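Asker: Structure supplied as target25.pdb; contents: PDB, C-alpha atoms and all ligand atoms.
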ATOM      1  CA  MET A   1       0.000   0.000   0.000  1.00  0.00           C
ATOM      2  CA  ILE A   2       0.976   3.593  -0.435  1.00  0.00           C
ATOM      3  CA  HIS A   3       0.002   6.004   2.317  1.00  0.00           C
ATOM      4  CA  LEU A   4      -1.222   9.325   0.945  1.00  0.00           C
ATOM      5  CA  PRO A   5      -0.987  12.135   3.475  1.00  0.00           C
ATOM      6  CA  ASN A   6      -4.346  13.930   3.840  1.00  0.00           C
ATOM      7  CA  SER A   7      -2.792  17.368   3.653  1.00  0.00           C
ATOM      8  CA  PHE A   8      -1.529  16.679   0.128  1.00  0.00           C
ATOM      9  CA  GLN A   9      -4.835  15.373  -1.229  1.00  0.00           C
ATOM     10  CA  PRO A  10      -6.037  18.805  -2.462  1.00  0.00           C
ATOM     11  CA  PHE A  11      -2.983  18.945  -4.715  1.00  0.00           C
ATOM     12  CA  CYS A  12      -3.473  15.683  -6.622  1.00  0.00           C
ATOM     13  CA  ASP A  13      -3.758  17.650  -9.879  1.00  0.00           C
ATOM     14  CA  ASP A  14      -0.270  19.104  -9.362  1.00  0.00           C
ATOM     15  CA  LEU A  15       1.573  16.270  -7.663  1.00  0.00           C
ATOM     16  CA  ILE A  16       2.354  12.593  -7.488  1.00  0.00           C
ATOM     17  CA  PHE A  17       3.257  11.739  -3.904  1.00  0.00           C
ATOM     18  CA  GLY A  18       3.123   9.013  -1.309  1.00  0.00           C
ATOM     19  CA  MET A  19       4.785   6.962   1.378  1.00  0.00           C
ATOM     20  CA  THR A  20       5.181   3.257   0.736  1.00  0.00           C
ATOM     21  CA  GLN A  21       4.409   0.651   3.364  1.00  0.00           C
ATOM     22  CA  LYS A  22       6.036  -2.686   4.051  1.00  0.00           C
ATOM     23  CA  ASP A  23       3.682  -4.660   1.798  1.00  0.00           C
ATOM     24  CA  PHE A  24       4.942  -2.591  -1.117  1.00  0.00           C
ATOM     25  CA  GLY A  25       8.331  -4.254  -0.682  1.00  0.00           C
ATOM     26  CA  SER A  26      11.741  -2.941   0.233  1.00  0.00           C
ATOM     27  CA  LEU A  27      13.313  -0.074  -1.662  1.00  0.00           C
ATOM     28  CA  ASN A  28      16.945  -1.063  -1.114  1.00  0.00           C
ATOM     29  CA  ASP A  29      18.830  -0.078  -4.260  1.00  0.00           C
ATOM     30  CA  GLU A  30      19.516  -3.529  -5.596  1.00  0.00           C
ATOM     31  CA  SER A  31      16.393  -5.298  -4.435  1.00  0.00           C
ATOM     32  CA  ARG A  32      13.835  -6.795  -6.745  1.00  0.00           C
ATOM     33  CA  ASP A  33      11.149  -4.897  -4.907  1.00  0.00           C
ATOM     34  CA  PHE A  34      12.891  -1.649  -5.774  1.00  0.00           C
ATOM     35  CA  ASP A  35      12.811  -2.594  -9.430  1.00  0.00           C
ATOM     36  CA  PHE A  36       9.135  -3.321  -8.989  1.00  0.00           C
ATOM     37  CA  PHE A  37       8.630   0.032  -7.257  1.00  0.00           C
ATOM     38  CA  LEU A  38      10.456   1.852 -10.050  1.00  0.00           C
ATOM     39  CA  LYS A  39       8.259   0.127 -12.604  1.00  0.00           C
ATOM     40  CA  LYS A  40       5.110   1.021 -10.682  1.00  0.00           C
ATOM     41  CA  LEU A  41       6.260   4.583 -10.199  1.00  0.00           C
ATOM     42  CA  ALA A  42       7.237   4.769 -13.850  1.00  0.00           C
ATOM     43  CA  GLN A  43       3.628   3.978 -14.780  1.00  0.00           C
ATOM     44  CA  GLU A  44       2.614   7.083 -12.872  1.00  0.00           C
ATOM     45  CA  THR A  45       5.531   9.224 -13.998  1.00  0.00           C
ATOM     46  CA  LYS A  46       5.422   8.010 -17.592  1.00  0.00           C
ATOM     47  CA  GLY A  47       8.775   6.320 -17.318  1.00  0.00           C
ATOM     48  CA  ILE A  48      10.676   9.013 -15.457  1.00  0.00           C
ATOM     49  CA  GLN A  49      13.044   7.586 -12.866  1.00  0.00           C
ATOM     50  CA  PRO A  50      13.280   9.069  -9.385  1.00  0.00           C
ATOM     51  CA  VAL A  51      16.223  10.976  -7.996  1.00  0.00           C
ATOM     52  CA  PHE A  52      17.521   9.393  -4.805  1.00  0.00           C
ATOM     53  CA  ALA A  53      20.660   9.772  -2.750  1.00  0.00           C
ATOM     54  CA  ASN A  54      23.291   8.040  -0.733  1.00  0.00           C
ATOM     55  CA  GLN A  55      21.724   9.323   2.460  1.00  0.00           C
ATOM     56  CA  MET A  56      24.405  10.505   4.854  1.00  0.00           C
ATOM     57  CA  HIS A  57      22.460  11.415   8.037  1.00  0.00           C
ATOM     58  CA  GLY A  58      23.786  14.902   7.382  1.00  0.00           C
ATOM     59  CA  GLU A  59      22.200  18.258   6.660  1.00  0.00           C
ATOM     60  CA  ASP A  60      22.984  18.768   2.983  1.00  0.00           C
ATOM     61  CA  VAL A  61      20.001  19.534   0.787  1.00  0.00           C
ATOM     62  CA  MET A  62      20.419  19.634  -2.957  1.00  0.00           C
ATOM     63  CA  VAL A  63      18.466  21.917  -5.280  1.00  0.00           C
ATOM     64  CA  ILE A  64      17.794  19.883  -8.410  1.00  0.00           C
ATOM     65  CA  LYS A  65      17.697  21.650 -11.754  1.00  0.00           C
ATOM     66  CA  ASN A  66      18.552  18.634 -13.858  1.00  0.00           C
ATOM     67  CA  PRO A  67      18.489  15.084 -12.525  1.00  0.00           C
ATOM     68  CA  PRO A  68      22.060  14.280 -11.403  1.00  0.00           C
ATOM     69  CA  ARG A  69      23.971  11.676 -13.383  1.00  0.00           C
ATOM     70  CA  ILE A  70      25.532  10.120 -10.334  1.00  0.00           C
ATOM     71  CA  LYS A  71      23.753   9.361  -7.085  1.00  0.00           C
ATOM     72  CA  PRO A  72      24.402  12.387  -4.878  1.00  0.00           C
ATOM     73  CA  GLU A  73      25.405  12.261  -1.226  1.00  0.00           C
ATOM     74  CA  CYS A  74      22.833  14.318   0.634  1.00  0.00           C
ATOM     75  CA  ASP A  75      19.676  13.998   2.725  1.00  0.00           C
ATOM     76  CA  GLY A  76      17.243  16.219   0.949  1.00  0.00           C
ATOM     77  CA  PHE A  77      16.157  17.500  -2.422  1.00  0.00           C
ATOM     78  CA  ILE A  78      14.289  20.594  -3.557  1.00  0.00           C
ATOM     79  CA  THR A  79      13.059  21.149  -7.077  1.00  0.00           C
ATOM     80  CA  ARG A  80      10.792  23.242  -9.258  1.00  0.00           C
ATOM     81  CA  GLN A  81      11.353  20.990 -12.218  1.00  0.00           C
ATOM     82  CA  LYS A  82       8.328  19.078 -13.347  1.00  0.00           C
ATOM     83  CA  LYS A  83       8.569  15.327 -13.784  1.00  0.00           C
ATOM     84  CA  VAL A  84      11.504  14.835 -11.427  1.00  0.00           C
ATOM     85  CA  PRO A  85      10.361  12.410  -8.716  1.00  0.00           C
ATOM     86  CA  LEU A  86      12.267  12.912  -5.449  1.00  0.00           C
ATOM     87  CA  LEU A  87      12.625   9.769  -3.355  1.00  0.00           C
ATOM     88  CA  ILE A  88      13.741   9.368   0.266  1.00  0.00           C
ATOM     89  CA  LYS A  89      14.314   5.939   1.796  1.00  0.00           C
ATOM     90  CA  ILE A  90      13.395   5.317   5.386  1.00  0.00           C
ATOM     91  CA  ALA A  91      13.024   2.747   8.169  1.00  0.00           C
ATOM     92  CA  ASP A  92      12.490   4.586  11.512  1.00  0.00           C
ATOM     93  CA  CYS A  93      13.820   7.896  10.171  1.00  0.00           C
ATOM     94  CA  GLN A  94      11.360  10.558   9.048  1.00  0.00           C
ATOM     95  CA  GLY A  95      10.608  11.045   5.379  1.00  0.00           C
ATOM     96  CA  VAL A  96       9.445  14.635   5.119  1.00  0.00           C
ATOM     97  CA  LEU A  97       7.509  15.851   2.070  1.00  0.00           C
ATOM     98  CA  ILE A  98       7.086  19.578   1.486  1.00  0.00           C
ATOM     99  CA  TYR A  99       5.003  21.386  -1.125  1.00  0.00           C
ATOM    100  CA  ASP A 100       4.750  25.111  -1.805  1.00  0.00           C
ATOM    101  CA  PHE A 101       1.409  25.445  -3.556  1.00  0.00           C
ATOM    102  CA  GLN A 102       2.107  29.044  -4.651  1.00  0.00           C
ATOM    103  CA  THR A 103       5.519  28.742  -6.276  1.00  0.00           C
ATOM    104  CA  LYS A 104       5.033  25.017  -7.107  1.00  0.00           C
ATOM    105  CA  THR A 105       8.190  23.903  -5.348  1.00  0.00           C
ATOM    106  CA  VAL A 106       8.597  20.424  -3.856  1.00  0.00           C
ATOM    107  CA  ALA A 107      11.076  18.985  -1.379  1.00  0.00           C
ATOM    108  CA  ALA A 108      11.763  15.583   0.123  1.00  0.00           C
ATOM    109  CA  VAL A 109      13.945  15.250   3.211  1.00  0.00           C
ATOM    110  CA  HIS A 110      15.457  12.393   5.213  1.00  0.00           C
ATOM    111  CA  SER A 111      15.472  13.322   8.886  1.00  0.00           C
ATOM    112  CA  GLY A 112      16.728  10.617  11.215  1.00  0.00           C
ATOM    113  CA  TRP A 113      17.751  11.521  14.740  1.00  0.00           C
ATOM    114  CA  ARG A 114      21.017  12.973  13.482  1.00  0.00           C
ATOM    115  CA  GLY A 115      19.182  15.013  10.855  1.00  0.00           C
ATOM    116  CA  SER A 116      16.683  16.129  13.489  1.00  0.00           C
ATOM    117  CA  ALA A 117      19.545  17.190  15.757  1.00  0.00           C
ATOM    118  CA  LYS A 118      21.027  19.185  12.856  1.00  0.00           C
ATOM    119  CA  ASN A 119      17.602  20.615  11.949  1.00  0.00           C
ATOM    120  CA  ILE A 120      17.714  19.539   8.326  1.00  0.00           C
ATOM    121  CA  ILE A 121      13.980  20.337   8.092  1.00  0.00           C
ATOM    122  CA  GLY A 122      14.563  23.961   9.107  1.00  0.00           C
ATOM    123  CA  LYS A 123      17.516  24.176   6.768  1.00  0.00           C
ATOM    124  CA  THR A 124      15.407  22.916   3.856  1.00  0.00           C
ATOM    125  CA  ILE A 125      12.661  25.445   4.567  1.00  0.00           C
ATOM    126  CA  LYS A 126      15.266  28.230   4.795  1.00  0.00           C
ATOM    127  CA  THR A 127      16.656  27.238   1.400  1.00  0.00           C
ATOM    128  CA  MET A 128      13.128  27.237  -0.024  1.00  0.00           C
ATOM    129  CA  LYS A 129      12.615  30.759   1.361  1.00  0.00           C
ATOM    130  CA  GLU A 130      15.830  31.872  -0.338  1.00  0.00           C
ATOM    131  CA  MET A 131      14.268  30.559  -3.533  1.00  0.00           C
ATOM    132  CA  GLY A 132      11.259  32.826  -2.970  1.00  0.00           C
ATOM    133  CA  CYS A 133       8.889  30.520  -1.083  1.00  0.00           C
ATOM    134  CA  ASN A 134       6.776  31.814   1.806  1.00  0.00           C
ATOM    135  CA  ALA A 135       6.519  29.579   4.853  1.00  0.00           C
ATOM    136  CA  SER A 136       2.782  30.276   4.979  1.00  0.00           C
ATOM    137  CA  ASP A 137       2.370  28.512   1.605  1.00  0.00           C
ATOM    138  CA  LEU A 138       4.088  25.288   2.646  1.00  0.00           C
ATOM    139  CA  VAL A 139       2.293  22.024   3.317  1.00  0.00           C
ATOM    140  CA  ILE A 140       4.382  19.430   5.131  1.00  0.00           C
ATOM    141  CA  ALA A 141       3.841  15.736   5.858  1.00  0.00           C
ATOM    142  CA  ILE A 142       6.022  13.524   8.028  1.00  0.00           C
ATOM    143  CA  SER A 143       6.050   9.794   7.344  1.00  0.00           C
ATOM    144  CA  PRO A 144       5.643   6.901   9.760  1.00  0.00           C
ATOM    145  CA  SER A 145       8.831   6.917  11.847  1.00  0.00           C
ATOM    146  CA  LEU A 146      10.118   6.234  15.336  1.00  0.00           C
ATOM    147  CA  GLY A 147       7.672   7.602  17.947  1.00  0.00           C
ATOM    148  CA  SER A 148       8.477   8.815  21.433  1.00  0.00           C
ATOM    149  CA  CYS A 149       7.226   5.399  22.599  1.00  0.00           C
ATOM    150  CA  CYS A 150      10.346   3.804  21.105  1.00  0.00           C
ATOM    151  CA  ALA A 151      13.033   6.449  20.393  1.00  0.00           C
ATOM    152  CA  GLU A 152      15.118   5.466  23.394  1.00  0.00           C
ATOM    153  CA  PHE A 153      18.668   6.717  23.925  1.00  0.00           C
ATOM    154  CA  SER A 154      21.210   5.633  26.489  1.00  0.00           C
ATOM    155  CA  ASP A 155      22.018   9.215  27.490  1.00  0.00           C
ATOM    156  CA  PRO A 156      20.044  11.666  25.346  1.00  0.00           C
ATOM    157  CA  PHE A 157      21.198  14.767  27.255  1.00  0.00           C
ATOM    158  CA  ARG A 158      24.747  13.921  26.225  1.00  0.00           C
ATOM    159  CA  GLU A 159      23.998  12.482  22.769  1.00  0.00           C
ATOM    160  CA  LEU A 160      21.725  15.269  21.542  1.00  0.00           C
ATOM    161  CA  PRO A 161      22.379  19.029  21.278  1.00  0.00           C
ATOM    162  CA  LYS A 162      20.642  21.310  23.735  1.00  0.00           C
ATOM    163  CA  GLU A 163      17.974  22.375  21.211  1.00  0.00           C
ATOM    164  CA  CYS A 164      16.620  18.811  21.433  1.00  0.00           C
ATOM    165  CA  HIS A 165      16.580  18.641  25.242  1.00  0.00           C
ATOM    166  CA  PRO A 166      13.003  19.959  25.669  1.00  0.00           C
ATOM    167  CA  TYR A 167      11.859  16.880  23.719  1.00  0.00           C
ATOM    168  CA  ILE A 168      13.492  14.342  26.024  1.00  0.00           C
ATOM    169  CA  MET A 169      10.809  12.354  27.796  1.00  0.00           C
ATOM    170  CA  PRO A 170      10.894   9.984  30.788  1.00  0.00           C
ATOM    171  CA  LYS A 171      12.932   6.804  30.336  1.00  0.00           C
ATOM    172  CA  ASN A 172      15.416   8.564  27.995  1.00  0.00           C
ATOM    173  CA  ARG A 173      12.952   8.641  25.116  1.00  0.00           C
ATOM    174  CA  VAL A 174      12.825  11.490  22.650  1.00  0.00           C
ATOM    175  CA  ASP A 175       9.777  12.982  20.933  1.00  0.00           C
ATOM    176  CA  PHE A 176      11.150  13.625  17.450  1.00  0.00           C
ATOM    177  CA  TRP A 177       7.681  14.225  15.992  1.00  0.00           C
ATOM    178  CA  SER A 178       7.193  17.261  18.240  1.00  0.00           C
ATOM    179  CA  LEU A 179      10.739  18.423  17.524  1.00  0.00           C
ATOM    180  CA  SER A 180      10.115  18.278  13.772  1.00  0.00           C
ATOM    181  CA  LYS A 181       6.836  20.130  14.180  1.00  0.00           C
ATOM    182  CA  GLU A 182       8.604  22.848  16.170  1.00  0.00           C
ATOM    183  CA  GLN A 183      11.320  23.092  13.498  1.00  0.00           C
ATOM    184  CA  CYS A 184       8.557  23.789  10.939  1.00  0.00           C
ATOM    185  CA  LEU A 185       6.719  26.253  13.224  1.00  0.00           C
ATOM    186  CA  GLU A 186       9.971  28.118  13.920  1.00  0.00           C
ATOM    187  CA  GLN A 187      10.245  28.786  10.204  1.00  0.00           C
ATOM    188  CA  GLY A 188       6.697  30.156  10.112  1.00  0.00           C
ATOM    189  CA  VAL A 189       4.781  27.206   8.676  1.00  0.00           C
ATOM    190  CA  PRO A 190       1.173  27.316   9.958  1.00  0.00           C
ATOM    191  CA  GLU A 191       0.431  24.488  12.375  1.00  0.00           C
ATOM    192  CA  SER A 192      -2.647  23.456  10.378  1.00  0.00           C
ATOM    193  CA  GLN A 193      -0.376  22.750   7.384  1.00  0.00           C
ATOM    194  CA  ILE A 194       1.904  20.307   9.212  1.00  0.00           C
ATOM    195  CA  GLU A 195       0.764  16.676   9.147  1.00  0.00           C
ATOM    196  CA  ILE A 196       2.499  14.093  11.290  1.00  0.00           C
ATOM    197  CA  THR A 197       1.378  10.626  10.290  1.00  0.00           C
ATOM    198  CA  GLY A 198       1.870   9.529  13.900  1.00  0.00           C
ATOM    199  CA  ILE A 199       2.536   5.859  13.162  1.00  0.00           C
ATOM    200  CA  CYS A 200       5.548   4.485  15.035  1.00  0.00           C
ATOM    201  CA  THR A 201       7.540   2.188  12.762  1.00  0.00           C
ATOM    202  CA  GLN A 202       8.853   0.050  15.616  1.00  0.00           C
ATOM    203  CA  CYS A 203       5.356  -0.468  17.078  1.00  0.00           C
ATOM    204  CA  HIS A 204       3.856  -1.458  13.707  1.00  0.00           C
ATOM    205  CA  PRO A 205       5.899  -4.317  12.253  1.00  0.00           C
ATOM    206  CA  GLU A 206       2.857  -5.429  10.233  1.00  0.00           C
ATOM    207  CA  SER A 207       2.988  -2.304   8.065  1.00  0.00           C
ATOM    208  CA  CYS A 208       6.423  -0.750   8.589  1.00  0.00           C
ATOM    209  CA  PHE A 209      10.059  -1.644   8.182  1.00  0.00           C
ATOM    210  CA  SER A 210      11.980  -0.706  11.315  1.00  0.00           C
ATOM    211  CA  HIS A 211      15.750  -0.619  11.594  1.00  0.00           C
ATOM    212  CA  ARG A 212      15.326  -1.009  15.358  1.00  0.00           C
ATOM    213  CA  ASN A 213      13.258  -4.155  14.797  1.00  0.00           C
ATOM    214  CA  GLY A 214      16.164  -5.550  12.787  1.00  0.00           C
ATOM    215  CA  ASP A 215      14.628  -5.006   9.344  1.00  0.00           C
ATOM    216  CA  LEU A 216      16.994  -4.342   6.479  1.00  0.00           C
ATOM    217  CA  GLY A 217      14.162  -3.175   4.225  1.00  0.00           C
ATOM    218  CA  ARG A 218      13.395   0.433   3.429  1.00  0.00           C
ATOM    219  CA  MET A 219      10.171   2.285   2.734  1.00  0.00           C
ATOM    220  CA  GLY A 220       9.977   5.298   0.454  1.00  0.00           C
ATOM    221  CA  ALA A 221       8.572   8.804   0.617  1.00  0.00           C
ATOM    222  CA  PHE A 222       8.300  10.413  -2.800  1.00  0.00           C
ATOM    223  CA  ILE A 223       6.978  13.539  -4.439  1.00  0.00           C
ATOM    224  CA  MET A 224       6.917  14.849  -8.003  1.00  0.00           C
ATOM    225  CA  LEU A 225       5.489  17.864  -9.782  1.00  0.00           C
ATOM    226  CA  LYS A 226       3.358  16.549 -12.624  1.00  0.00           C
TER
HETATM  227 ZN    ZN A 301       6.713   2.887  19.159  1.00  0.00          ZN
END
Re-express the file's structure as structure tokens.

Answerer:
Amino acid sequence: MIHLPNSFQPFCDDLIFGMTQKDFGSLNDESRDFDFFLKKLAQETKGIQPVFANQMHGEDVMVIKNPPRIKPECDGFITRQKKVPLLIKIADCQGVLIYDFQTKTVAAVHSGWRGSAKNIIGKTIKTMKEMGCNASDLVIAISPSLGSCCAEFSDPFRELPKECHPYIMPKNRVDFWSLSKEQCLEQGVPESQIEITGICTQCHPESCFSHRNGDLGRMGAFIMLK
């Protein structure tokens, strides 16, 4: 199945988007399922292949003008080009889809705990603003990912920068969903335009791959301007 965030539904005429679930198969580069996914996506995109990265758990976001020839090393993409599907691969980390419905700009971001600590979401929104986007025109959806029920650290006050400390919960757990929401709000995105799927990948092995559950498989979050 492909999960379609509610907040993006009004933009079906402009966009192809979604978040794959476990039954869709794993999107590891070499896997058969990934081939299958590419074929399925190609039906939607009329044969256009997605741009995806060697995800580095960093904060680099690439603005795509032409699809890169080699697989870039980064954790986010922004584009205004039509027919360039952006694909993020995830299993516990957040896949973050962003759409500016005024300037028709899309972004896809990989925000694991390291990306959250580096505020890659805020950095992406800042870059979009530099490109002329207004935060008030952004719609954002965050994929199934590790919830505060399961995001346990051995010593989060030491492992995470101080900006993350307000999100540390009892039993050394961290609420990354709230942190991501705050990172969007800080940039001026209206709260009503931020959708957190709210499904914890570790708690839902029937529908989600989870690195912490020992899965090697990856789910995808993708977005394309038609
Ligand atoms: Zn959980």

Asker: Nearest residue to Met128 (chain A) out of A:Arg80, A:His211, A:Arg173, A:Lys89, using all atoms listed in the file?

Answerer: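 Closest candidate: A:Arg80.
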
Asker: Measuring atom to atom with all atoms listed in the file, identify which of A:Val174, A:Leu225, A:Met219, A:Asp33 is nearest to ligand ZN 301 (chain A).

Answerer: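 Once distances to ligand ZN 301 (chain A) are computed over all atoms listed in the file, the minimum belongs to A:Val174.
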
Asker: May I ask you to write as a list in words all residues lying at most 12 Å from ligand ZN 301 (chain A), with all atoms listed in the file counted?

Answerer: Asp92, Pro144, Ser145, Leu146, Gly147, Ser148, Cys149, Cys150, Ala151, Glu152, Arg173, Val174, Asp175, Phe176, Trp177, Gly198, Ile199, Cys200, Thr201, Gln202, Cys203, His204, Pro205, Cys208, Ser210, Arg212 and Asn213 of chain A

Asker: For Leu86 (chain A), find every residue with an atom within 6 Å (counting all atoms listed in the file), except residues of its own chain fewer than 2 positions away, and show them as a ChimeraX atom specification.

Answerer: /A:50-51,222-223

Asker: Looking at only C-alpha atoms, which of A:Gly217, A:Ile98, A:Thr105, A:Met224 is the one that sits closest to Pro85 (chain A)?

Answerer: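 Closest residue, counting only C-alpha atoms: A:Met224.
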
Asker: So what does the PyMOL selection byres (((chain A and resi 183) around 12) and not hetatm) actually pick up in this one, as a ChimeraX atom specification?

Answerer: /A:111,115-126,135,140,163-164,167,176-182,184-191,194

Asker: Which residue out of A:Gly47, A:Gly76, A:Pro170, A:Gly214 has the minimum interatomic distance to Asp60 (chain A) when only C-alpha atoms are used?

Answerer: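 Residue with the minimum atom-to-atom distance to Asp60 (chain A): A:Gly76.
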
Asker: State, in Å with one decimal place, the distance from CA of Cys93 (chain A) to CA of Pro68 (chain A).

Answerer: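 Computed distance, CA of Cys93 (chain A) to CA of Pro68 (chain A), equals 24.0 Å.
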
Asker: Kindly give the distance, in Å, that separates CA of Glu195 (chain A) and CA of Asp35 (chain A), rounded to a single decimal.

Answerer: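 CA of Asp35 (chain A) lies at a distance of 29.4 Å from CA of Glu195 (chain A).
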
Asker: Which is closest to Phe153 (chain A) among A:Val96, A:Lys71, A:Met169, A:Val84, if we use only C-alpha atoms?

Answerer: A:Met169

Asker: A:Phe52, A:Phe34, A:Phe209, A:Tyr99: which is nearest Leu15 (chain A), counting only C-alpha atoms?

Answerer: A:Tyr99

Asker: Could you please determine the separation between CA of Lys82 (chain A) and CA of Lys104 (chain A) in Å, to one decimal place?

Answerer: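 We find that CA of Lys82 (chain A) and CA of Lys104 (chain A) lie 9.2 Å from each other.
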
Asker: Which residues, named as in the file, does the PyMOL selection byres (((chain A and resi 73) around 7) and not hetatm) pick out? Answer as JSON, numbers by chain.

Answerer: {"A": [53, 54, 55, 56, 71, 72, 74]}

Asker: Where's the centre, and what are the edge lengths in Å to one decimal, of a box along x, y and z enclosing all listed atoms of region 185-204 of chain A padded 6 Å per side, as AutoDock Vina command-line options?

Answerer:
--center_x 3.8 --center_y 14.3 --center_z 12.2 --size_x 24.9 --size_y 43.6 --size_z 21.7

Asker: Do you know which residues are at most 12 Å from Met1 (chain A) counting all atoms listed in the file, after dropping those on the same chain fewer than 5 positions away, and could you put them as an MDAnalysis selection string?

Answerer: chainID A and resid 18:25 37 40 206:208 219:220

Asker: Show me the residues around (0.8, 29.7, -5.9) - criterion: an atom at most 10 Å away, all atoms listed in the file counted - as a JSON list (two decimals) with C-alpha atoms, in the frame of the given file.

Answerer:
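Writing the result to selection_35.json gives the following:
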[["chain", "number", "residue", "atom", "x", "y", "z"],
["A", 100, "ASP", "CA", 4.75, 25.11, -1.80],
["A", 101, "PHE", "CA", 1.41, 25.44, -3.56],
["A", 102, "GLN", "CA", 2.11, 29.04, -4.65],
["A", 103, "THR", "CA", 5.52, 28.74, -6.28],
["A", 104, "LYS", "CA", 5.03, 25.02, -7.11],
["A", 105, "THR", "CA", 8.19, 23.90, -5.35],
["A", 133, "CYS", "CA", 8.89, 30.52, -1.08],
["A", 134, "ASN", "CA", 6.78, 31.81, 1.81],
["A", 137, "ASP", "CA", 2.37, 28.51, 1.60]]
